[in-house]
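Dropping query_18.cif in here (mmCIF, C-alpha atoms):
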data_start
#
loop_
_atom_site.label_atom_id
_atom_site.label_comp_id
_atom_site.auth_asym_id
_atom_site.auth_seq_id
_atom_site.Cartn_x
_atom_site.Cartn_y
_atom_site.Cartn_z
CA MET C 1 4.78 -13.75 4.03
CA LYS C 2 1.64 -14.30 6.11
CA LEU C 3 -0.23 -11.09 6.95
CA ALA C 4 -3.14 -10.11 9.14
CA MET C 5 -4.75 -7.42 6.99
CA ILE C 6 -7.04 -4.77 8.46
CA GLY C 7 -8.83 -2.47 6.03
CA PHE C 8 -9.83 0.75 7.79
CA GLY C 9 -12.45 2.87 6.01
CA GLN C 10 -13.90 2.50 2.52
CA ALA C 11 -10.68 2.35 0.46
CA GLY C 12 -8.98 0.04 2.98
CA GLY C 13 -11.87 -2.44 2.99
CA LYS C 14 -12.02 -2.57 -0.82
CA ILE C 15 -8.27 -3.21 -1.11
CA VAL C 16 -8.38 -6.03 1.48
CA ASP C 17 -11.25 -7.55 -0.55
CA LYS C 18 -9.01 -7.33 -3.66
CA PHE C 19 -6.13 -9.04 -1.83
CA LEU C 20 -8.44 -11.93 -0.88
CA GLU C 21 -9.51 -12.21 -4.54
CA TYR C 22 -5.80 -12.21 -5.58
CA ASP C 23 -5.10 -15.00 -3.05
CA GLU C 24 -7.95 -17.09 -4.46
CA ARG C 25 -6.78 -16.55 -8.03
CA THR C 26 -3.05 -17.17 -7.51
CA GLY C 27 -3.08 -19.49 -4.48
CA SER C 28 -0.42 -17.28 -2.85
CA GLY C 29 -1.96 -17.41 0.66
CA ILE C 30 -0.66 -13.98 1.74
CA VAL C 31 -3.77 -13.02 3.74
CA ARG C 32 -3.83 -15.23 6.82
CA SER C 33 -6.71 -13.21 8.23
CA ALA C 34 -8.77 -10.23 7.00
CA VAL C 35 -10.73 -7.63 8.99
CA ALA C 36 -12.63 -4.56 7.72
CA VAL C 37 -13.47 -1.62 10.01
CA ASN C 38 -15.80 1.24 9.08
CA THR C 39 -18.21 3.85 10.42
CA ALA C 40 -20.43 3.48 7.32
CA LYS C 41 -22.62 0.38 7.25
CA ALA C 42 -23.14 0.53 3.46
CA ASP C 43 -19.38 0.27 2.82
CA LEU C 44 -19.13 -2.91 4.89
CA LEU C 45 -22.16 -4.44 3.15
CA GLY C 46 -20.50 -3.76 -0.23
CA LEU C 47 -17.55 -6.08 0.54
CA GLU C 48 -17.57 -9.51 -1.11
CA ARG C 49 -14.80 -11.60 0.46
CA VAL C 50 -14.06 -10.31 3.97
CA PRO C 51 -15.93 -12.72 6.31
CA GLU C 52 -19.06 -11.12 7.79
CA GLU C 53 -17.95 -11.82 11.36
CA ASN C 54 -14.79 -9.79 10.63
CA ARG C 55 -16.65 -6.68 9.42
CA VAL C 56 -16.66 -4.22 12.32
CA LEU C 57 -19.04 -1.24 12.39
CA ILE C 58 -17.79 1.39 14.84
CA GLY C 59 -19.20 4.74 15.98
CA GLN C 60 -22.86 3.68 15.96
CA ALA C 61 -23.63 5.84 18.98
CA ARG C 62 -22.10 8.91 17.27
CA VAL C 63 -22.87 8.57 13.53
CA LYS C 64 -25.55 5.83 13.36
CA GLY C 65 -23.74 3.87 10.62
CA HIS C 66 -23.64 6.81 8.17
CA GLY C 67 -19.86 7.50 8.20
CA VAL C 68 -17.97 10.54 9.50
CA GLY C 69 -18.24 12.75 6.41
CA ALA C 70 -14.49 13.22 5.80
CA ASP C 71 -13.99 14.45 9.39
CA ASN C 72 -10.82 12.60 10.39
CA GLU C 73 -10.71 14.09 13.88
CA LEU C 74 -14.09 12.47 14.50
CA GLY C 75 -12.74 9.28 12.85
CA ALA C 76 -9.84 9.22 15.32
CA GLU C 77 -12.13 9.88 18.32
CA ILE C 78 -14.49 7.05 17.33
CA ALA C 79 -11.55 4.65 16.80
CA GLU C 80 -10.29 5.50 20.32
CA GLU C 81 -13.76 5.01 21.85
CA ASP C 82 -14.55 1.74 20.04
CA ILE C 83 -11.07 0.15 19.96
CA ASP C 84 -12.37 -2.80 22.04
CA GLU C 85 -14.83 -3.69 19.25
CA VAL C 86 -11.97 -3.73 16.74
CA GLN C 87 -9.86 -5.79 19.15
CA GLY C 88 -12.74 -8.30 19.37
CA ALA C 89 -12.29 -9.11 15.65
CA ILE C 90 -8.48 -9.11 15.96
CA ASP C 91 -8.77 -11.67 18.79
CA ASN C 92 -9.99 -14.16 16.15
CA ILE C 93 -6.70 -13.81 14.23
CA PRO C 94 -4.24 -16.67 14.91
CA VAL C 95 -1.43 -14.20 15.62
CA HIS C 96 1.15 -16.99 16.12
CA GLU C 97 0.67 -17.79 12.41
CA VAL C 98 1.24 -14.26 11.03
CA ASP C 99 4.52 -12.49 10.24
CA ALA C 100 3.08 -8.96 10.49
CA PHE C 101 -0.03 -6.78 10.64
CA LEU C 102 -0.84 -4.58 7.63
CA ILE C 103 -3.31 -1.72 8.16
CA ILE C 104 -4.65 -0.41 4.84
CA ALA C 105 -6.39 2.96 4.60
CA GLY C 106 -7.14 5.82 2.24
CA LEU C 107 -5.62 8.89 3.90
CA GLY C 108 -7.95 11.48 2.36
CA GLY C 109 -11.28 10.50 3.92
CA GLY C 110 -12.41 10.50 7.53
CA THR C 111 -12.65 6.96 8.96
CA GLY C 112 -9.44 5.35 7.66
CA SER C 113 -7.45 8.59 7.77
CA GLY C 114 -8.35 9.21 11.41
CA GLY C 115 -8.68 5.65 12.71
CA SER C 116 -5.69 3.83 11.19
CA PRO C 117 -2.99 5.62 13.26
CA VAL C 118 -5.08 4.95 16.40
CA LEU C 119 -5.25 1.22 15.57
CA ALA C 120 -1.51 1.08 14.74
CA LYS C 121 -0.65 2.56 18.15
CA HIS C 122 -2.97 0.06 19.86
CA LEU C 123 -1.53 -2.99 18.02
CA LYS C 124 2.08 -1.97 18.70
CA ARG C 125 1.30 -1.74 22.40
CA ILE C 126 -0.10 -5.30 22.51
CA TYR C 127 1.78 -7.41 19.95
CA THR C 128 5.44 -8.09 19.18
CA GLU C 129 4.82 -8.63 15.42
CA PRO C 130 5.67 -5.68 13.15
CA VAL C 131 2.78 -3.32 12.33
CA TYR C 132 2.95 -1.85 8.81
CA GLY C 133 0.69 0.69 7.16
CA LEU C 134 -0.36 0.93 3.52
CA GLY C 135 -1.57 4.49 3.03
CA ILE C 136 -3.31 5.70 -0.14
CA LEU C 137 -2.84 9.41 -0.92
CA PRO C 138 -5.77 11.20 -2.61
CA GLY C 139 -5.45 12.77 -6.06
CA SER C 140 -4.86 16.52 -6.14
CA ASP C 141 -8.20 16.96 -7.94
CA GLU C 142 -10.13 15.50 -4.99
CA GLY C 143 -10.26 18.79 -3.11
CA GLY C 144 -8.56 20.72 -0.30
CA ILE C 145 -10.23 18.92 2.63
CA TYR C 146 -8.94 15.53 1.38
CA THR C 147 -5.44 16.93 0.95
CA LEU C 148 -5.55 18.41 4.45
CA ASN C 149 -6.78 15.09 5.88
CA ALA C 150 -4.04 13.17 4.05
CA ALA C 151 -1.25 15.49 5.22
CA ARG C 152 -2.34 15.30 8.87
CA SER C 153 -2.98 11.55 8.76
CA PHE C 154 0.32 10.85 6.96
CA GLN C 155 2.47 12.57 9.57
CA THR C 156 0.64 10.78 12.40
CA PHE C 157 0.44 7.33 10.74
CA VAL C 158 4.14 7.23 9.81
CA ARG C 159 5.08 7.75 13.48
CA GLU C 160 2.83 4.94 14.73
CA VAL C 161 3.79 2.12 12.32
CA ASP C 162 7.03 0.20 11.82
CA ASN C 163 6.97 1.28 8.18
CA LEU C 164 4.50 3.16 5.98
CA LEU C 165 4.14 1.86 2.42
CA VAL C 166 2.58 4.61 0.30
CA PHE C 167 0.54 4.61 -2.91
CA ASP C 168 -0.13 7.99 -4.53
CA ASN C 169 -3.40 8.13 -6.51
CA ASP C 170 -2.19 11.34 -8.16
CA ALA C 171 0.52 9.49 -10.05
CA TRP C 172 -1.90 6.82 -11.30
CA ARG C 173 -5.24 8.43 -12.22
CA LYS C 174 -5.66 8.84 -15.97
CA THR C 175 -7.03 12.09 -17.39
CA GLY C 176 -10.75 11.92 -18.13
CA GLU C 177 -11.18 8.58 -16.39
CA SER C 178 -14.28 8.14 -14.19
CA MET C 179 -13.67 7.98 -10.44
CA GLU C 180 -14.98 4.41 -10.14
CA ALA C 181 -13.03 3.02 -13.11
CA GLY C 182 -9.92 4.86 -11.93
CA TYR C 183 -10.07 3.44 -8.41
CA GLU C 184 -10.78 -0.08 -9.68
CA GLU C 185 -7.63 0.05 -11.83
CA ILE C 186 -5.57 1.61 -9.04
CA ASN C 187 -6.64 -1.10 -6.58
CA ASP C 188 -5.62 -3.78 -9.10
CA GLU C 189 -2.23 -2.09 -9.43
CA ILE C 190 -1.75 -1.96 -5.64
CA VAL C 191 -2.61 -5.65 -5.21
CA LYS C 192 -0.44 -6.78 -8.16
CA ARG C 193 2.68 -5.04 -6.84
CA PHE C 194 2.30 -5.88 -3.17
CA GLY C 195 1.04 -9.38 -4.01
CA ILE C 196 4.30 -10.32 -5.75
CA LEU C 197 6.34 -8.66 -2.99
CA PHE C 198 4.60 -10.39 -0.06
CA GLY C 199 4.16 -13.66 -1.96
CA ALA C 200 7.91 -14.13 -2.49
CA GLY C 201 9.42 -17.11 -0.69
CA GLU C 202 6.20 -19.13 -0.53
CA VAL C 203 6.88 -22.62 -1.85
CA GLU C 204 4.04 -25.08 -2.29
CA GLN C 205 4.49 -28.84 -1.92
CA GLY C 206 6.15 -30.02 -5.12
CA GLY C 207 6.54 -26.42 -6.33
CA GLU C 208 9.66 -24.85 -7.81
CA VAL C 209 12.34 -23.70 -5.38
CA ALA C 210 14.05 -20.34 -5.91
CA GLU C 211 17.78 -20.09 -6.67
CA SER C 212 18.11 -17.13 -4.31
CA VAL C 213 15.28 -17.41 -1.79
CA VAL C 214 13.54 -14.25 -0.60
CA ASP C 215 11.52 -15.04 2.51
CA SER C 216 9.53 -12.98 5.00
CA SER C 217 12.64 -12.19 7.08
CA GLU C 218 14.18 -10.38 4.06
CA ILE C 219 11.06 -8.21 3.72
CA ILE C 220 10.92 -7.55 7.49
CA ASN C 221 14.62 -6.57 7.54
CA THR C 222 14.15 -4.22 4.55
CA LEU C 223 11.23 -2.49 6.30
CA ALA C 224 12.86 -2.60 9.76
CA GLY C 225 14.38 0.88 9.77
CA GLY C 226 10.96 2.56 9.64
CA GLY C 227 10.03 5.61 7.60
CA VAL C 228 8.34 5.62 4.20
CA SER C 229 8.50 3.00 1.44
CA THR C 230 7.62 2.85 -2.24
CA VAL C 231 7.40 -0.05 -4.70
CA GLY C 232 8.42 -0.25 -8.37
CA TYR C 233 7.22 -2.84 -10.89
CA ALA C 234 8.02 -3.87 -14.46
CA ALA C 235 7.05 -6.97 -16.44
CA GLU C 236 7.73 -8.53 -19.81
CA GLU C 237 5.80 -11.27 -21.57
CA VAL C 238 7.64 -14.56 -22.17
CA ASN C 239 6.76 -17.52 -24.37
CA LEU C 240 5.52 -20.41 -22.25
CA ASP C 241 5.83 -22.82 -25.19
CA ASP C 242 9.56 -22.12 -25.40
CA ASP C 243 11.45 -25.32 -24.51
CA GLY C 244 14.11 -23.21 -22.77
CA GLY C 245 16.85 -24.68 -24.97
CA LEU C 246 16.15 -28.26 -23.80
CA LEU C 247 16.96 -29.74 -27.21
CA SER C 248 20.22 -27.82 -27.47
CA ARG C 249 21.22 -29.04 -24.00
CA PHE C 250 20.71 -32.67 -25.12
CA ARG C 251 22.85 -31.90 -28.16
CA GLY C 252 25.45 -30.27 -25.95
CA ASP C 253 25.22 -26.97 -27.86
CA ASP C 254 27.06 -24.70 -25.40
CA SER C 255 26.96 -21.58 -27.59
CA THR C 256 23.13 -21.68 -27.72
CA ASN C 257 23.00 -22.22 -23.95
CA SER C 258 25.29 -19.31 -23.18
CA MET C 259 23.35 -17.08 -25.58
CA GLU C 260 20.08 -17.95 -23.80
CA SER C 261 21.72 -17.30 -20.44
CA ALA C 262 22.96 -13.90 -21.67
CA ASN C 263 19.48 -13.03 -22.96
CA THR C 264 17.95 -13.98 -19.59
CA THR C 265 20.54 -11.89 -17.73
CA ASN C 266 19.96 -8.88 -20.00
CA ARG C 267 16.17 -9.13 -19.67
CA ILE C 268 16.42 -9.23 -15.86
CA THR C 269 18.78 -6.24 -15.60
CA SER C 270 16.56 -4.28 -18.00
CA LEU C 271 13.45 -5.07 -15.92
CA VAL C 272 15.23 -4.02 -12.71
CA ARG C 273 16.04 -0.62 -14.25
CA LYS C 274 12.49 -0.18 -15.56
CA ALA C 275 11.01 -1.04 -12.16
CA ALA C 276 13.27 1.38 -10.27
CA LEU C 277 13.16 4.28 -12.74
CA GLY C 278 9.55 3.86 -13.91
CA ARG C 279 6.36 4.71 -12.08
CA LEU C 280 6.76 3.99 -8.36
CA THR C 281 3.78 3.66 -6.00
CA LEU C 282 5.08 6.89 -4.46
CA PRO C 283 7.22 8.80 -6.99
CA CYS C 284 10.57 9.85 -5.49
CA GLU C 285 14.29 10.10 -6.12
CA ILE C 286 15.70 6.61 -5.47
CA GLU C 287 19.13 7.97 -4.53
CA GLY C 288 19.44 8.04 -0.77
CA SER C 289 17.01 5.17 -0.14
CA GLU C 290 18.19 3.51 3.05
CA ARG C 291 17.34 -0.10 2.12
CA ALA C 292 16.07 -1.97 -0.94
CA LEU C 293 14.72 -5.38 -1.86
CA LEU C 294 14.57 -6.83 -5.37
CA VAL C 295 12.24 -9.72 -6.26
CA LEU C 296 12.17 -11.36 -9.72
CA SER C 297 9.13 -13.47 -10.48
CA GLY C 298 8.29 -15.76 -13.41
CA PRO C 299 8.97 -19.25 -14.84
CA SER C 300 12.27 -20.53 -13.40
CA ARG C 301 13.86 -21.06 -16.85
CA HIS C 302 13.54 -17.30 -17.44
CA LEU C 303 15.31 -16.42 -14.16
CA ASN C 304 18.97 -16.74 -13.27
CA ARG C 305 21.29 -15.85 -10.42
CA LYS C 306 23.64 -13.77 -12.59
CA GLY C 307 20.84 -11.41 -13.70
CA ILE C 308 19.62 -10.97 -10.11
CA GLU C 309 23.16 -10.26 -8.88
CA ARG C 310 23.70 -7.69 -11.64
CA GLY C 311 20.35 -6.06 -10.89
CA ARG C 312 21.16 -5.94 -7.18
CA LYS C 313 24.56 -4.37 -7.85
CA TRP C 314 23.02 -1.73 -10.13
CA LEU C 315 20.45 -0.95 -7.43
CA GLU C 316 23.26 -0.54 -4.86
CA GLU C 317 24.99 1.99 -7.12
CA GLN C 318 21.77 3.95 -7.82
CA THR C 319 20.52 4.12 -4.22
CA GLY C 320 23.92 4.41 -2.52
CA SER C 321 22.68 1.83 0.00
CA MET C 322 24.74 -1.08 1.30
CA GLU C 323 21.54 -2.87 2.34
CA VAL C 324 20.16 -4.19 -0.94
CA ARG C 325 18.67 -7.68 -0.81
CA GLY C 326 17.49 -9.72 -3.78
CA GLY C 327 16.13 -13.04 -4.95
CA ASP C 328 13.69 -14.84 -7.21
CA TYR C 329 10.14 -16.16 -6.87
CA PRO C 330 9.48 -18.91 -9.46
CA VAL C 331 5.92 -19.09 -10.82
CA ALA C 332 5.80 -22.08 -13.20
CA ASP C 333 2.72 -21.17 -15.26
CA SER C 334 3.28 -17.40 -15.47
CA GLY C 335 3.39 -15.82 -18.92
CA TYR C 336 5.51 -12.94 -17.58
CA VAL C 337 8.82 -12.21 -15.93
CA ALA C 338 8.22 -9.42 -13.41
CA SER C 339 10.58 -7.31 -11.34
CA VAL C 340 9.36 -5.79 -8.06
CA ILE C 341 11.54 -3.37 -6.11
CA LEU C 342 10.85 -2.26 -2.56
CA LEU C 343 12.64 0.99 -1.62
CA SER C 344 12.52 1.67 2.10
CA GLY C 345 13.49 4.79 4.02
CA VAL C 346 13.05 7.14 1.04
CA HIS C 347 13.61 10.85 1.75
CA ASN C 348 13.47 12.90 -1.43
CA VAL C 349 9.70 12.80 -2.07
CA PRO C 350 8.42 15.98 -3.80
CA ARG C 351 4.77 14.83 -3.54
CA ILE C 352 4.86 14.73 0.27
CA LYS C 353 6.38 18.21 0.45
CA GLU C 354 3.75 19.50 -1.98
CA LEU C 355 0.98 17.77 0.01
CA GLN C 356 2.13 19.41 3.25
CA GLN C 357 2.30 22.83 1.58
CA VAL C 358 -1.18 22.57 0.03
CA ALA C 359 -2.53 21.34 3.37
CA ILE C 360 -1.09 24.34 5.26
CA GLU C 361 -2.73 26.68 2.73
CA ALA C 362 -6.02 24.73 2.99
CA GLN C 363 -5.88 24.97 6.79
CA ASP C 364 -5.36 28.76 6.59
CA ASN C 365 -8.23 29.07 4.10
CA ILE C 366 -10.57 27.03 6.28
CA ASP C 367 -9.74 29.22 9.31
CA ASP C 368 -10.32 32.40 7.24
CA ILE C 369 -13.64 31.06 5.90
CA ARG C 370 -14.82 30.19 9.42
CA ASP C 371 -13.95 33.67 10.71
CA GLU C 372 -15.62 35.30 7.71
CA SER C 373 -18.70 33.12 8.11
CA GLU C 374 -19.11 34.16 11.75
CA GLU C 375 -18.73 37.84 10.81
CA ASN C 376 -21.28 37.48 7.98
CA LEU C 377 -23.79 35.81 10.29
CA GLU C 378 -23.37 38.57 12.88
CA ALA C 379 -23.80 41.23 10.19
CA LEU C 380 -26.92 39.46 8.89
CA VAL C 381 -28.55 39.13 12.31
CA GLU C 382 -27.58 42.41 13.96
CA ASP C 383 -29.43 44.49 11.33
CA ASP C 384 -32.72 43.43 12.90
CA GLU C 385 -31.51 42.91 16.47
CA ASP C 386 -32.75 46.25 17.81
CA GLU C 387 -36.28 45.79 16.47
CA LEU C 388 -36.90 42.16 17.49
CA ASP C 389 -36.91 40.53 20.92
CA PRO C 390 -34.96 37.22 21.06
CA LEU C 391 -36.82 34.07 22.21
CA PHE C 392 -34.33 33.51 25.07
#

What's the structure tokens form of this structure?
Amino acid sequence: MKLAMIGFGQAGGKIVDKFLEYDERTGSGIVRSAVAVNTAKADLLGLERVPEENRVLIGQARVKGHGVGADNELGAEIAEEDIDEVQGAIDNIPVHEVDAFLIIAGLGGGTGSGGSPVLAKHLKRIYTEPVYGLGILPGSDEGGIYTLNAARSFQTFVREVDNLLVFDNDAWRKTGESMEAGYEEINDEIVKRFGILFGAGEVEQGGEVAESVVDSSEIINTLAGGGVSTVGYAAEEVNLDDDGGLLSRFRGDDSTNSMESANTTNRITSLVRKAALGRLTLPCEIEGSERALLVLSGPSRHLNRKGIERGRKWLEEQTGSMEVRGGDYPVADSGYVASVILLSGVHNVPRIKELQQVAIEAQDNIDDIRDESEENLEALVEDDEDELDPLF
């Protein structure tokens, strides 16, 4: 799948940079074009792989390149005002060569949280390609203002995109881990999961062809119903030196062949279960998911159609969905077999409900603090008001 990726804000820019690094390392060619947008000049300068001409600094008249200080209303206003500057970079994207736009943003800050829904609305008005969002939720230890930002941004962003893929930092941060190390690991996790998902179906000249091809249309159809999506992942190491039973096939040893086939099938079905029931990018109940897509990746001799079919059937039973697609993505020199599951149109998401509740309480607290602050200032000043003449 060929994507035009736009990183909005600090987290978004860093993740797009990571995707470009993943492309270089794996040769997957997912990122057809990359743009980074920010109100903070330092964040743009810190990027390593996004081309300099595609780094867009907005809001210079308002914030002088210093960022919006977690004020996502200001972030949204600046995005509205400077949308033409963002469009200038998007004009360089060969849109006829991309399957979709992907806007990536951290939803807890100010720039990405406020600006990404504005950009999504703008792109949907101009282009016919799907516009997806990848929203990163802040950890619950990051503070009330970030939770409030995320809740408000989430409910706006999900309405403006064709589908919102969500990654919840809260489910991934390790206790006692430093912020920087934690985010570095989380970004690697995001890129690994979405890299396999979006890379499926790409076949290089002379490369291995999948038994059950998953191409960009399968991904687009899985995301087509809108709403919120989450991704599961599980992997198991395999022995690359294994001859895959080649000798036994020459000898015509059917029992060895069928045993290897059974082992492959069992490994695949086990990985499908682990991916669906393990740690999802956004933890949720998988029952009731509207659509699902299963991708198995690894050396072709460790993949088979029977395992994929069994995995797909199990996923149908667990989700209750009739729209479950599946296929394989052969990677000849991989030391792992990996299962990636995309669950789209998920509804039972406790984290989102909790986020909204905490945000409502934070909003009430902020309003109370403002009122109290004004009363305190009046009380502080009025003590001396009768004795002093004001300047004007």

### Message
Once the PyMOL selection byres ((chain C and resi 55) around 10) has been evaluated on this model, what residues remain selected, and can you format them as number ranges by chain?
### Response
C: 6-7, 13, 34-38, 41, 43-45, 47, 50-54, 56-58, 86, 89

### Message
Evaluated on this file, the PyMOL selection byres ((chain C and resi 66) around 10) picks out some residues - which ones are they, written as JSON, numbers by chain?
### Response
{"C": [38, 39, 40, 41, 42, 43, 59, 60, 62, 63, 64, 65, 67, 68, 69]}

### Task
For CA of Gly226 (chain C) and CA of Asp162 (chain C), determine how far apart the two atoms are, in Å to one decimal place.
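Distance reported for this atom pair: 5.1 Å.
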
### Message
Can you translate the PyMOL selection byres ((chain C and resi 281-295) around 6) into the concrete residues it hits in this file, as a PyMOL selection string?
### Response
chain C and resi 166-168+222+230-231+280+296+318-319+321+323-328+339-346+348-349

### Query
Which of these, C:Tyr336, C:Trp314, C:Phe8, C:Tyr329, has the shortest distance to Val213 (chain C) once you count all atoms listed in the file?
C:Tyr329

### Task
Do a neighbour search on region 151-160 of chain C at 6 Å with all atoms listed in the file, toss out local chain neighbours closer than 5 positions, and write the hits as a PyMOL selection string.
chain C and resi 113+117+120-121+356

### Message
Would you compute the distance between CA of Val98 (chain C) and CA of Ser217 (chain C)? Give it in Å to one decimal.
### Response
12.2 Å
